[in-house]
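Engineer: Before we start, here is the structure in question, set down as structure tokens.
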Amino acid sequence: GTRRSGLVASSGAMRLRYYGIEVAADFRKAIDYSKWFTGVRGDIHSSFAHEIAATEFECQGLELDRVGVCWCWDMLATAGGVTPRTLKGMKWQAAKPGRPQDFIINKYRVLLTRAREGMVIWVPQGSDKDGSRPALEVDRIAAYLKACGVRTIS
């Protein structure tokens with residue numbers, strides 16, 4: 001009854017909009033994240049509603065008991081590990097080496113360390129009809145996470 005849960009997503013997760021998860025800066029500016037973190041169960045503005053995802057900016061340094069991490073195509077699994085990417089127009093591109101790559105990797109480090117007790121990582125189902133949401137790429141992300149020891153749930 002007292003455990004707090006909520007969704008988190010990368011600020012670069014622009015294609016999660018298709019699934020109803022908005023991370024655009026203008027949208028996030030309209031959210032009172034202090035209420036998101038402290039609102040009571042039943043309050044549609046609180047993290048309990050699971051309607052609004054906090055990004056690395058809103059949740060850095062803060063934790064929830066249970067977190068739903070919404071993965072996106074901005075962190076791709078590859079043979080060598082992971083490849084941070086950015087969405088340019090309709091296509092994902094590898095992030096520039098150095099700080100741009102480090103920044104995206106750090107986003108996921110922040111997101112994956114927000115849970116005190118438990119975490120679910122949601123990897124969306126892609127679409128072969130939408131080049132910005134390739135199914136094969138999210139299948140690789142899911143396989144990579146499984147290889148890292150993440151268990152699947154149905």
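By order in the structure tokens, chains are A, B, ...; within a chain, residues start at 1; ligands start at 1, following the order shown.
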Counting only C-alpha atoms, what is within 7 Å of A:Pro84, bar same-chain residues fewer than 3 positions away, as a list in words?
Structural biologist: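 Near A:Pro84, the qualifying residues are Asp74, Met75, Leu76, Ala94, Ala95, Gln101, Ile104 and Ile105 of chain A.
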Engineer: Export C-alpha atoms of the chosen residues as an mmCIF file, in the first residue's frame?
Structural biologist:
```cif
data_model
loop_
_atom_site.group_PDB
_atom_site.id
_atom_site.type_symbol
_atom_site.label_atom_id
_atom_site.label_comp_id
_atom_site.auth_asym_id
_atom_site.auth_seq_id
_atom_site.Cartn_x
_atom_site.Cartn_y
_atom_site.Cartn_z
ATOM 1 C CA ASP A 74 17.886 5.565 -28.857
ATOM 2 C CA MET A 75 19.937 2.801 -27.203
ATOM 3 C CA LEU A 76 20.443 -0.039 -29.652
ATOM 4 C CA ALA A 94 24.617 6.704 -34.266
ATOM 5 C CA ALA A 95 25.398 9.420 -31.746
ATOM 6 C CA GLN A 101 27.418 9.006 -26.798
ATOM 7 C CA ILE A 104 22.846 8.845 -23.943
ATOM 8 C CA ILE A 105 24.525 5.972 -22.102
#
```
Engineer: Need the shell around stretch 7-18 of chain A: protein/DNA/RNA residues with any atom at most 6 Å away, counting only C-alpha atoms. Skip same-chain ones fewer than 4 positions apart. Format as a list in words?
Structural biologist: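 Near neighbours after the sequence-gap exclusion: Glu22, Val23, His50, Ala53, Ala54, Thr55, Val67, Gly68, Val69, Cys70 and Cys72 of chain A.
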Engineer: Hey, can you spit out that residue selection with N, CA, C and O atoms as an mmCIF file, in the first residue's frame?
Structural biologist:
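Final output, saved to out.cif:
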```cif
data_model
loop_
_atom_site.group_PDB
_atom_site.id
_atom_site.type_symbol
_atom_site.label_atom_id
_atom_site.label_comp_id
_atom_site.auth_asym_id
_atom_site.auth_seq_id
_atom_site.Cartn_x
_atom_site.Cartn_y
_atom_site.Cartn_z
ATOM 1 N N GLU A 22 4.863 10.290 -23.990
ATOM 2 C CA GLU A 22 5.378 11.547 -24.531
ATOM 3 C C GLU A 22 6.570 12.016 -23.689
ATOM 4 O O GLU A 22 6.477 12.081 -22.467
ATOM 5 N N VAL A 23 7.672 12.322 -24.355
ATOM 6 C CA VAL A 23 8.860 12.809 -23.639
ATOM 7 C C VAL A 23 9.337 14.173 -24.138
ATOM 8 O O VAL A 23 10.374 14.655 -23.708
ATOM 9 N N HIS A 50 0.611 5.889 -13.773
ATOM 10 C CA HIS A 50 1.338 5.254 -14.872
ATOM 11 C C HIS A 50 0.916 5.813 -16.229
ATOM 12 O O HIS A 50 0.841 5.093 -17.213
ATOM 13 N N ALA A 53 5.566 9.447 -18.001
ATOM 14 C CA ALA A 53 6.904 8.955 -17.685
ATOM 15 C C ALA A 53 7.809 10.133 -17.334
ATOM 16 O O ALA A 53 7.787 11.158 -18.004
ATOM 17 N N ALA A 54 8.581 9.964 -16.286
ATOM 18 C CA ALA A 54 9.617 10.939 -15.946
ATOM 19 C C ALA A 54 10.861 10.591 -16.757
ATOM 20 O O ALA A 54 11.165 9.412 -16.966
ATOM 21 N N THR A 55 11.571 11.593 -17.233
ATOM 22 C CA THR A 55 12.820 11.334 -17.948
ATOM 23 C C THR A 55 13.978 11.431 -16.963
ATOM 24 O O THR A 55 13.789 11.723 -15.784
ATOM 25 N N VAL A 67 9.792 0.601 -10.559
ATOM 26 C CA VAL A 67 9.909 1.438 -11.751
ATOM 27 C C VAL A 67 9.637 0.626 -13.007
ATOM 28 O O VAL A 67 10.095 -0.515 -13.128
ATOM 29 N N GLY A 68 8.920 1.226 -13.930
ATOM 30 C CA GLY A 68 8.764 0.687 -15.271
ATOM 31 C C GLY A 68 9.630 1.499 -16.207
ATOM 32 O O GLY A 68 9.360 2.674 -16.429
ATOM 33 N N VAL A 69 10.710 0.909 -16.696
ATOM 34 C CA VAL A 69 11.617 1.585 -17.629
ATOM 35 C C VAL A 69 11.104 1.337 -19.037
ATOM 36 O O VAL A 69 10.953 0.186 -19.450
ATOM 37 N N CYS A 70 10.818 2.410 -19.762
ATOM 38 C CA CYS A 70 10.327 2.322 -21.139
ATOM 39 C C CYS A 70 11.520 2.490 -22.080
ATOM 40 O O CYS A 70 12.070 3.577 -22.203
ATOM 41 N N CYS A 72 13.723 2.519 -25.629
ATOM 42 C CA CYS A 72 13.456 3.069 -26.962
ATOM 43 C C CYS A 72 14.610 2.746 -27.900
ATOM 44 O O CYS A 72 15.613 2.167 -27.498
#
```
Engineer: Tell me which protein, DNA and RNA residues are within 9 Å of A:Phe37, counting only C-alpha atoms, leaving out same-chain ones fewer than 6 positions away, and put them as a ChimeraX atom specification.
Structural biologist: /A:4,6,46-48,59,62-64
Engineer: Generate the output file for the selected residues, N, CA, C and O atoms, as a PDB file, in the first residue's frame.
Structural biologist:
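Okay, out-v1.pdb is ready:
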```pdb
ATOM      1  N   ARG A   4       5.687   3.209  -3.838  1.00  0.00           N
ATOM      2  CA  ARG A   4       5.449   4.131  -4.955  1.00  0.00           C
ATOM      3  C   ARG A   4       6.022   3.521  -6.221  1.00  0.00           C
ATOM      4  O   ARG A   4       7.131   3.015  -6.243  1.00  0.00           O
ATOM      5  N   GLY A   6       6.183   4.041 -10.777  1.00  0.00           N
ATOM      6  CA  GLY A   6       6.025   4.989 -11.867  1.00  0.00           C
ATOM      7  C   GLY A   6       6.835   4.580 -13.082  1.00  0.00           C
ATOM      8  O   GLY A   6       7.650   3.658 -13.019  1.00  0.00           O
ATOM      9  N   SER A  46      -0.191  11.794 -10.329  1.00  0.00           N
ATOM     10  CA  SER A  46       0.916  11.173  -9.603  1.00  0.00           C
ATOM     11  C   SER A  46       1.542  10.050 -10.420  1.00  0.00           C
ATOM     12  O   SER A  46       0.967   9.570 -11.398  1.00  0.00           O
ATOM     13  N   SER A  47       2.700   9.611  -9.977  1.00  0.00           N
ATOM     14  CA  SER A  47       3.380   8.501 -10.645  1.00  0.00           C
ATOM     15  C   SER A  47       2.541   7.236 -10.610  1.00  0.00           C
ATOM     16  O   SER A  47       2.653   6.387 -11.495  1.00  0.00           O
ATOM     17  N   PHE A  48       1.674   7.101  -9.612  1.00  0.00           N
ATOM     18  CA  PHE A  48       0.826   5.915  -9.488  1.00  0.00           C
ATOM     19  C   PHE A  48      -0.082   5.709 -10.698  1.00  0.00           C
ATOM     20  O   PHE A  48      -0.494   4.584 -10.975  1.00  0.00           O
ATOM     21  N   CYS A  59      13.961  12.623 -12.848  1.00  0.00           N
ATOM     22  CA  CYS A  59      14.145  11.609 -11.802  1.00  0.00           C
ATOM     23  C   CYS A  59      15.583  11.447 -11.328  1.00  0.00           C
ATOM     24  O   CYS A  59      15.838  10.648 -10.430  1.00  0.00           O
ATOM     25  N   LEU A  62      16.454  10.924  -7.594  1.00  0.00           N
ATOM     26  CA  LEU A  62      15.238  10.504  -6.902  1.00  0.00           C
ATOM     27  C   LEU A  62      14.950   9.043  -7.241  1.00  0.00           C
ATOM     28  O   LEU A  62      15.370   8.553  -8.289  1.00  0.00           O
ATOM     29  N   GLU A  63      14.247   8.374  -6.360  1.00  0.00           N
ATOM     30  CA  GLU A  63      13.939   6.967  -6.577  1.00  0.00           C
ATOM     31  C   GLU A  63      12.471   6.694  -6.333  1.00  0.00           C
ATOM     32  O   GLU A  63      11.792   7.447  -5.640  1.00  0.00           O
ATOM     33  N   LEU A  64      12.023   5.590  -6.909  1.00  0.00           N
ATOM     34  CA  LEU A  64      10.699   5.034  -6.656  1.00  0.00           C
ATOM     35  C   LEU A  64      10.910   3.609  -6.151  1.00  0.00           C
ATOM     36  O   LEU A  64      11.966   3.015  -6.389  1.00  0.00           O
TER      37      LEU A  64
END
```
Engineer: For each of A:Ala115, A:Tyr144, A:Ile44, A:Arg109, take the minimum atom-to-atom distance to A:Ile31, counting only C-alpha atoms, then give the residue where this is smallest.
Structural biologist: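 When distances to A:Ile31 are compared using only C-alpha atoms, the smallest one comes from A:Ile44.
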Engineer: List every residue of stretch 1-139 of chain A that DSSP, applied to the backbone, labels as helix (DSSP H, G or I), and write the result as a PyMOL selection string.
Structural biologist: chain A and resi 14-19+25-29+33-38+47-49+56-59+99-111+135-139
Engineer: For A:Gly81, which residue out of A:His45, A:Arg133, A:Cys148, A:Tyr33 is the nearest one, using only C-alpha atoms?
Structural biologist: A:Cys148
Engineer: Skipping near chain neighbours, those fewer than 5 positions away, what residues fall within 12 Å of A:Ser127 using only C-alpha atoms, listed as a PyMOL selection string?
Structural biologist: chain A and resi 15+18-19+132-139
Engineer: Would you put the residues from that selection into a file with N, CA and C atoms, as an mmCIF file, in the first residue's frame?
Structural biologist:
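Wrote it out as result-v7.cif, contents follow:
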```cif
data_model
loop_
_atom_site.group_PDB
_atom_site.id
_atom_site.type_symbol
_atom_site.label_atom_id
_atom_site.label_comp_id
_atom_site.auth_asym_id
_atom_site.auth_seq_id
_atom_site.Cartn_x
_atom_site.Cartn_y
_atom_site.Cartn_z
ATOM 1 N N ARG A 15 10.172 8.046 -30.270
ATOM 2 C CA ARG A 15 9.250 7.113 -30.937
ATOM 3 C C ARG A 15 8.347 6.387 -29.958
ATOM 4 N N TYR A 18 4.319 6.920 -30.196
ATOM 5 C CA TYR A 18 3.408 5.992 -30.862
ATOM 6 C C TYR A 18 2.651 5.131 -29.843
ATOM 7 N N TYR A 19 3.294 4.846 -28.718
ATOM 8 C CA TYR A 19 2.711 3.982 -27.684
ATOM 9 C C TYR A 19 2.047 4.789 -26.564
ATOM 10 N N SER A 132 11.255 4.051 -38.358
ATOM 11 C CA SER A 132 11.745 4.638 -37.105
ATOM 12 C C SER A 132 11.461 3.731 -35.903
ATOM 13 N N ARG A 133 10.785 2.588 -36.141
ATOM 14 C CA ARG A 133 10.490 1.624 -35.082
ATOM 15 C C ARG A 133 10.760 0.194 -35.567
ATOM 16 N N PRO A 134 11.963 -0.093 -36.042
ATOM 17 C CA PRO A 134 12.242 -1.413 -36.615
ATOM 18 C C PRO A 134 12.090 -2.547 -35.592
ATOM 19 N N ALA A 135 11.331 -3.566 -35.974
ATOM 20 C CA ALA A 135 11.078 -4.702 -35.086
ATOM 21 C C ALA A 135 12.369 -5.459 -34.767
ATOM 22 N N LEU A 136 13.209 -5.671 -35.750
ATOM 23 C CA LEU A 136 14.447 -6.428 -35.528
ATOM 24 C C LEU A 136 15.313 -5.758 -34.461
ATOM 25 N N GLU A 137 15.357 -4.442 -34.474
ATOM 26 C CA GLU A 137 16.202 -3.741 -33.505
ATOM 27 C C GLU A 137 15.704 -3.907 -32.071
ATOM 28 N N VAL A 138 14.391 -3.836 -31.866
ATOM 29 C CA VAL A 138 13.902 -4.031 -30.492
ATOM 30 C C VAL A 138 13.989 -5.498 -30.095
ATOM 31 N N ASP A 139 13.902 -6.406 -31.053
ATOM 32 C CA ASP A 139 14.126 -7.815 -30.743
ATOM 33 C C ASP A 139 15.558 -8.007 -30.249
#
```
